[in-house]
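Novice: Below is a structure I'd like to ask you about.
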Number of protein chains: 6
Amino acid sequence: MKVKVSRKAHFNAAHRLYRPDWDDQKNDEVFGKCNNPHYHGHNYELVVSVSGEIDKATGFVMDLKVLKDLIREQVEDALDHKNLNLQVPDFKNLNPTAENIAVVIWNRLRPHIAKDKGLEVVLYETPRNFVTYSG
Amino acid sequence: MKVKVSRKAHFNAAHRLYRPDWDDQKNDEVFGKCNNPHYHGHNYELVVSVSGEIDKATGFVMDLKVLKDLIREQVEDALDHKNLNLQVPDFKNLNPTAENIAVVIWNRLRPHIAKDKGLEVVLYETPRNFVTYSG
Amino acid sequence: MKVKVSRKAHFNAAHRLYRPDWDDQKNDEVFGKCNNPHYHGHNYELVVSVSGEIDKATGFVMDLKVLKDLIREQVEDALDHKNLNLQVPDFKNLNPTAENIAVVIWNRLRPHIAKDKGLEVVLYETPRNFVTYSG
Amino acid sequence: MKVKVSRKAHFNAAHRLYRPDWDDQKNDEVFGKCNNPHYHGHNYELVVSVSGEIDKATGFVMDLKVLKDLIREQVEDALDHKNLNLQVPDFKNLNPTAENIAVVIWNRLRPHIAKDKGLEVVLYETPRNFVTYSG
Amino acid sequence: MKVKVSRKAHFNAAHRLYRPDWDDQKNDEVFGKCNNPHYHGHNYELVVSVSGEIDKATGFVMDLKVLKDLIREQVEDALDHKNLNLQVPDFKNLNPTAENIAVVIWNRLRPHIAKDKGLEVVLYETPRNFVTYSG
Amino acid sequence: MKVKVSRKAHFNAAHRLYRPDWDDQKNDEVFGKCNNPHYHGHNYELVVSVSGEIDKATGFVMDLKVLKDLIREQVEDALDHKNLNLQVPDFKNLNPTAENIAVVIWNRLRPHIAKDKGLEVVLYETPRNFVTYSG
């Protein structure tokens, strides 16, 4: 009986899409107004899902209070109210697109989830744009 | 042309997470305030999905009016405005975690869905916590 | 420049609608399945709004972090994961309808809000049923 | 690193479910009030997802601005504020059920998405009824 | 203790914005694609609110089950899955804009609500466009 | 017959709460992590409402297409994907709290709305925090 359990969370952050090795013109062509050098920002909504067998003793795949705390420690404390480009080391050499942020979040959570469990991250950059990563 | 059709429904219920074969201390350690002996409750939101080929004659995978009625008969009539621990026989020996409730709902619906169709249940215990079961 | 600032919160609780001074038949007639003697429950969603002049120094009508903490202390800690009929003294002699719960919440918050500010409470019992109280 | 990127869009349309080769009685039996000869309508909400490898240069699976424009050109311009039965050639001989509309939308978008990318369409006919098609 | 109680409902309908006493050019200028002669449609979401004193005996301003049934009889049965222009007599000589539909709904409900109670109707034509009428 | 018509819009922006005439310690005390000198950001959701008599000729209080264009020109073009502190002159000497942003938006729209119409702005800074200003 494999079940997927999911927990929603959120954080706010500023970012800018650009590559330092491209000139301004190329960054503007590719990233448009997302390349604003003074940054813009989002309310990122996050859904983290863990899949596996139901534990017979507890009836849980994973205690969602534990998952909630894990998301706070590994994701919210690191990213909330931050400038992703300037203040989050994971993006020092990585463009903070929604795709890359989802991968970073997945990599931060993966070591803390039991090896026999699956992990999926859905990240909403806006209510209309979102990405999904499962490793 | 395999398509998945989905229908949302909901029910309200009281429940309590605990195991009668554990003492109070252990139940409190594992289930925290969800072990309140006087119960608490939720507005459970449910998404039931059936997947299969589109019927050439009707253009339906499954008539959603039929699925709506099936959910009412098999799920809402059985669980709505009930105390899951005391009044729903499925949980007589089963802890009513979101995971276990999703499995119970899936088992209730499965015999009424055509054998060549897939069935998936998503159950929101709160707007932030939800589980998915596909058999 | 009068502005209304609003903060959403939520809590889960069990309740039952009935009057001890009415017999079972009358309680069933008036309250239907909401009179289930074993209780049912809801995810109550709450919107608390405070209205007043913008403080020139801070740009705030009221610091929403302060309002968030106030809601947690006065409302969530008192009602979350509780049986309203049995465990919340405010409902000892008061039927816990959505209307009465909204009035109780307003009365709990009012003494902690500045006298020159307005206070409004919106309480969702389900996504389809909600009530509004402004004193 | 395979990631799925998703974009929400919407359109409004009128339609009617019926088959011209069935008589009125049979159409009413199968399609009920959805067979109203004067039509009814919906706000269709659409989620289009493209899955594939993250482009190392841009950090995108697919530029969501490009996907947004593609949905507008191929879907919204063709279906928005239209009568699906009378004004959209795709449904000349096809009953405009949610299932069939989702397949039509997928077929309209597929030629414009890179061949090594996956494509999924989720179509909400109402907030409670929706369908998913992935080819 | 004046409280406002609210109930959500919905219906689907086709409509067209135009005036028979204007020529096609003028109708197109004023109503744009909403003047499509073959109609388009919406999922109308409706919030009906009744305000008044809490009844001491029941704890209700108005029993929401009664309000739910009233909305079904007076609004849903009359408008759901209908062509507003052709099949709903209220719009025989009235352009079915969101504003006018809200007034029609309010007028249909008002005689069935106690005279000492207030009545408000909020009608969503789309998730982004809505209107409010209180008499 | 006074009706309120409402239109939703949104924009993304970076901001920082602080006063240049306060030292860092005081800014941190009052604004907490919202005072991050490298900025953070939000998806601002906006609801603009105009109230007045229904025009007998059109059935509109105000054409929502006109209101949509007005919001884009006066609000979205000025604030979307911007750093509010650095790039929007309205906030040169004004702390960009949600309250102040709502007032700025109201002031930008007011001259373009007919004098006999009411105007209300609701601004969501996050899905849980929002403000309302009516002049």
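Following the order of the structure tokens, first chain is A, next is B, and so on, with residues numbered from 1 inside each chain and ligands from 1 in the order they appear.
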Dump as a list in words the residues of chain D that approach chain A to within 8 Å, counting only C-alpha atoms.

Specialist: Met1, Lys2, Val3, Lys4, Val5, Ser6, Arg7, Lys8, Ala9, Ile54, Thr58, Gly59, Phe60, Val61 and Leu64 of chain D

Novice: Write down as a PDB file with all heavy atoms, in the first residue's frame the residues belonging to segment 22-60 of chain F that are assigned strand (DSSP E) by DSSP computed on the backbone.

Specialist:
ATOM      1  N   HIS F  40      13.698  41.448  -0.494  1.00  0.00           N
ATOM      2  CA  HIS F  40      12.980  40.193  -0.707  1.00  0.00           C
ATOM      3  C   HIS F  40      11.814  40.566  -1.631  1.00  0.00           C
ATOM      4  O   HIS F  40      11.784  41.691  -2.144  1.00  0.00           O
ATOM      5  CB  HIS F  40      12.519  39.580   0.615  1.00  0.00           C
ATOM      6  CG  HIS F  40      11.541  40.419   1.360  1.00  0.00           C
ATOM      7  ND1 HIS F  40      11.918  41.562   2.053  1.00  0.00           N
ATOM      8  CD2 HIS F  40      10.202  40.333   1.499  1.00  0.00           C
ATOM      9  CE1 HIS F  40      10.851  42.114   2.594  1.00  0.00           C
ATOM     10  NE2 HIS F  40       9.788  41.400   2.265  1.00  0.00           N
ATOM     11  N   GLY F  41      10.862  39.669  -1.866  1.00  0.00           N
ATOM     12  CA  GLY F  41       9.831  40.040  -2.839  1.00  0.00           C
ATOM     13  C   GLY F  41       8.536  39.292  -2.665  1.00  0.00           C
ATOM     14  O   GLY F  41       8.418  38.397  -1.821  1.00  0.00           O
ATOM     15  N   HIS F  42       7.558  39.687  -3.446  1.00  0.00           N
ATOM     16  CA  HIS F  42       6.213  39.125  -3.337  1.00  0.00           C
ATOM     17  C   HIS F  42       5.533  39.043  -4.709  1.00  0.00           C
ATOM     18  O   HIS F  42       5.871  39.806  -5.617  1.00  0.00           O
ATOM     19  CB  HIS F  42       5.337  40.005  -2.433  1.00  0.00           C
ATOM     20  CG  HIS F  42       5.824  40.124  -1.026  1.00  0.00           C
ATOM     21  ND1 HIS F  42       5.763  39.086  -0.137  1.00  0.00           N
ATOM     22  CD2 HIS F  42       6.398  41.151  -0.362  1.00  0.00           C
ATOM     23  CE1 HIS F  42       6.268  39.483   1.033  1.00  0.00           C
ATOM     24  NE2 HIS F  42       6.666  40.733   0.918  1.00  0.00           N
ATOM     25  N   ASN F  43       4.567  38.136  -4.812  1.00  0.00           N
ATOM     26  CA  ASN F  43       3.563  38.182  -5.866  1.00  0.00           C
ATOM     27  C   ASN F  43       2.379  38.951  -5.314  1.00  0.00           C
ATOM     28  O   ASN F  43       1.594  38.391  -4.535  1.00  0.00           O
ATOM     29  CB  ASN F  43       3.086  36.761  -6.241  1.00  0.00           C
ATOM     30  CG  ASN F  43       4.206  35.865  -6.717  1.00  0.00           C
ATOM     31  OD1 ASN F  43       5.149  36.298  -7.341  1.00  0.00           O
ATOM     32  ND2 ASN F  43       4.078  34.580  -6.402  1.00  0.00           N
ATOM     33  N   TYR F  44       2.267  40.195  -5.646  1.00  0.00           N
ATOM     34  CA  TYR F  44       1.140  40.992  -5.156  1.00  0.00           C
ATOM     35  C   TYR F  44      -0.103  40.681  -5.982  1.00  0.00           C
ATOM     36  O   TYR F  44      -0.070  40.774  -7.208  1.00  0.00           O
ATOM     37  CB  TYR F  44       1.457  42.485  -5.243  1.00  0.00           C
ATOM     38  CG  TYR F  44       2.541  42.935  -4.289  1.00  0.00           C
ATOM     39  CD1 TYR F  44       3.868  42.989  -4.685  1.00  0.00           C
ATOM     40  CD2 TYR F  44       2.233  43.293  -2.981  1.00  0.00           C
ATOM     41  CE1 TYR F  44       4.868  43.402  -3.810  1.00  0.00           C
ATOM     42  CE2 TYR F  44       3.220  43.708  -2.100  1.00  0.00           C
ATOM     43  CZ  TYR F  44       4.532  43.761  -2.520  1.00  0.00           C
ATOM     44  OH  TYR F  44       5.522  44.165  -1.647  1.00  0.00           O
ATOM     45  N   GLU F  45      -1.190  40.289  -5.307  1.00  0.00           N
ATOM     46  CA  GLU F  45      -2.479  40.102  -5.964  1.00  0.00           C
ATOM     47  C   GLU F  45      -3.342  41.314  -5.636  1.00  0.00           C
ATOM     48  O   GLU F  45      -3.392  41.756  -4.487  1.00  0.00           O
ATOM     49  CB  GLU F  45      -3.174  38.828  -5.470  1.00  0.00           C
ATOM     50  CG  GLU F  45      -2.425  37.541  -5.778  1.00  0.00           C
ATOM     51  CD  GLU F  45      -2.547  37.108  -7.233  1.00  0.00           C
ATOM     52  OE1 GLU F  45      -3.605  37.370  -7.843  1.00  0.00           O
ATOM     53  OE2 GLU F  45      -1.581  36.552  -7.770  1.00  0.00           O
ATOM     54  N   LEU F  46      -4.020  41.835  -6.639  1.00  0.00           N
ATOM     55  CA  LEU F  46      -4.718  43.112  -6.504  1.00  0.00           C
ATOM     56  C   LEU F  46      -6.173  42.928  -6.922  1.00  0.00           C
ATOM     57  O   LEU F  46      -6.463  42.298  -7.938  1.00  0.00           O
ATOM     58  CB  LEU F  46      -4.026  44.115  -7.441  1.00  0.00           C
ATOM     59  CG  LEU F  46      -4.574  45.521  -7.548  1.00  0.00           C
ATOM     60  CD1 LEU F  46      -4.407  46.278  -6.242  1.00  0.00           C
ATOM     61  CD2 LEU F  46      -3.836  46.258  -8.677  1.00  0.00           C
ATOM     62  N   VAL F  47      -7.108  43.477  -6.120  1.00  0.00           N
ATOM     63  CA  VAL F  47      -8.514  43.527  -6.523  1.00  0.00           C
ATOM     64  C   VAL F  47      -8.934  44.993  -6.527  1.00  0.00           C
ATOM     65  O   VAL F  47      -8.904  45.654  -5.489  1.00  0.00           O
ATOM     66  CB  VAL F  47      -9.428  42.730  -5.572  1.00  0.00           C
ATOM     67  CG1 VAL F  47     -10.870  42.775  -6.066  1.00  0.00           C
ATOM     68  CG2 VAL F  47      -8.951  41.295  -5.430  1.00  0.00           C
ATOM     69  N   VAL F  48      -9.321  45.493  -7.698  1.00  0.00           N
ATOM     70  CA  VAL F  48      -9.780  46.884  -7.825  1.00  0.00           C
ATOM     71  C   VAL F  48     -11.287  46.870  -8.048  1.00  0.00           C
ATOM     72  O   VAL F  48     -11.778  46.169  -8.944  1.00  0.00           O
ATOM     73  CB  VAL F  48      -9.080  47.591  -9.002  1.00  0.00           C
ATOM     74  CG1 VAL F  48      -9.638  49.002  -9.176  1.00  0.00           C
ATOM     75  CG2 VAL F  48      -7.577  47.620  -8.787  1.00  0.00           C
ATOM     76  N   SER F  49     -12.015  47.631  -7.225  1.00  0.00           N
ATOM     77  CA  SER F  49     -13.477  47.664  -7.320  1.00  0.00           C
ATOM     78  C   SER F  49     -13.977  49.081  -7.571  1.00  0.00           C
ATOM     79  O   SER F  49     -13.500  50.031  -6.952  1.00  0.00           O
ATOM     80  CB  SER F  49     -14.113  47.148  -6.020  1.00  0.00           C
ATOM     81  OG  SER F  49     -13.724  45.814  -5.783  1.00  0.00           O
ATOM     82  N   VAL F  50     -14.936  49.186  -8.473  1.00  0.00           N
ATOM     83  CA  VAL F  50     -15.565  50.469  -8.799  1.00  0.00           C
ATOM     84  C   VAL F  50     -17.055  50.316  -8.531  1.00  0.00           C
ATOM     85  O   VAL F  50     -17.670  49.336  -8.981  1.00  0.00           O
ATOM     86  CB  VAL F  50     -15.322  50.831 -10.277  1.00  0.00           C
ATOM     87  CG1 VAL F  50     -16.113  52.069 -10.686  1.00  0.00           C
ATOM     88  CG2 VAL F  50     -13.831  51.031 -10.531  1.00  0.00           C
ATOM     89  N   SER F  51     -17.641  51.259  -7.801  1.00  0.00           N
ATOM     90  CA  SER F  51     -19.060  51.139  -7.465  1.00  0.00           C
ATOM     91  C   SER F  51     -19.847  52.333  -7.976  1.00  0.00           C
ATOM     92  O   SER F  51     -19.355  53.472  -7.964  1.00  0.00           O
ATOM     93  CB  SER F  51     -19.243  50.991  -5.950  1.00  0.00           C
ATOM     94  OG  SER F  51     -18.628  52.045  -5.286  1.00  0.00           O
ATOM     95  N   GLY F  52     -21.052  52.045  -8.435  1.00  0.00           N
ATOM     96  CA  GLY F  52     -21.903  53.113  -8.955  1.00  0.00           C
ATOM     97  C   GLY F  52     -23.165  52.531  -9.563  1.00  0.00           C
ATOM     98  O   GLY F  52     -23.422  51.335  -9.475  1.00  0.00           O
ATOM     99  N   GLU F  53     -23.946  53.390 -10.185  1.00  0.00           N
ATOM    100  CA  GLU F  53     -25.192  52.971 -10.823  1.00  0.00           C
ATOM    101  C   GLU F  53     -24.907  52.166 -12.092  1.00  0.00           C
ATOM    102  O   GLU F  53     -23.932  52.436 -12.800  1.00  0.00           O
ATOM    103  CB  GLU F  53     -26.029  54.203 -11.204  1.00  0.00           C
ATOM    104  CG  GLU F  53     -26.507  55.043 -10.037  1.00  0.00           C
ATOM    105  CD  GLU F  53     -27.542  54.315  -9.183  1.00  0.00           C
ATOM    106  OE1 GLU F  53     -28.353  53.563  -9.759  1.00  0.00           O
ATOM    107  OE2 GLU F  53     -27.516  54.494  -7.952  1.00  0.00           O
TER     108      GLU F  53
END

Novice: Could you check which of F:Leu84, F:Leu67, F:Asn35, F:Arg16 is closest to Ile113 of chain F, using only C-alpha atoms?

Specialist: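 The answer is F:Leu67, which sits nearest to Ile113 of chain F.
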
Novice: Tell me which protein, DNA and RNA residues are within 8 Å of segment 109-112 of chain F, counting only C-alpha atoms, leaving out same-chain ones fewer than 3 positions away, and put them as a PyMOL selection string.

Specialist: chain F and resi 70-71+74+105-106+119

Novice: If you count only C-alpha atoms, which residues fall within 12 Å of Pro89 of chain B, apart from same-chain ones fewer than 6 positions away, as number ranges by chain?

Specialist: B: 78-79, 82-83, 95-96, 104

Novice: Please write the residues from the selection above to a file, keeping N, CA and C atoms, as a PDB file, in the first residue's frame.

Specialist:
ATOM      1  N   ALA B  78     -21.263   7.598   4.095  1.00  0.00           N
ATOM      2  CA  ALA B  78     -20.641   6.793   5.148  1.00  0.00           C
ATOM      3  C   ALA B  78     -19.808   7.615   6.126  1.00  0.00           C
ATOM      4  N   LEU B  79     -19.231   8.728   5.678  1.00  0.00           N
ATOM      5  CA  LEU B  79     -18.243   9.439   6.513  1.00  0.00           C
ATOM      6  C   LEU B  79     -18.669  10.843   6.930  1.00  0.00           C
ATOM      7  N   LYS B  82     -19.605  12.393  10.649  1.00  0.00           N
ATOM      8  CA  LYS B  82     -19.442  11.237  11.536  1.00  0.00           C
ATOM      9  C   LYS B  82     -18.194  11.390  12.403  1.00  0.00           C
ATOM     10  N   ASN B  83     -18.171  10.623  13.481  1.00  0.00           N
ATOM     11  CA  ASN B  83     -16.963  10.412  14.269  1.00  0.00           C
ATOM     12  C   ASN B  83     -16.311   9.156  13.712  1.00  0.00           C
ATOM     13  N   ASN B  95      -6.291   2.977  12.681  1.00  0.00           N
ATOM     14  CA  ASN B  95      -6.075   4.359  13.094  1.00  0.00           C
ATOM     15  C   ASN B  95      -6.480   5.300  11.937  1.00  0.00           C
ATOM     16  N   PRO B  96      -7.408   6.251  12.147  1.00  0.00           N
ATOM     17  CA  PRO B  96      -7.887   7.074  11.022  1.00  0.00           C
ATOM     18  C   PRO B  96      -6.918   8.202  10.641  1.00  0.00           C
ATOM     19  N   VAL B 104      -9.037   3.438   2.747  1.00  0.00           N
ATOM     20  CA  VAL B 104     -10.424   2.994   2.968  1.00  0.00           C
ATOM     21  C   VAL B 104     -11.342   3.507   1.842  1.00  0.00           C
TER      22      VAL B 104
END
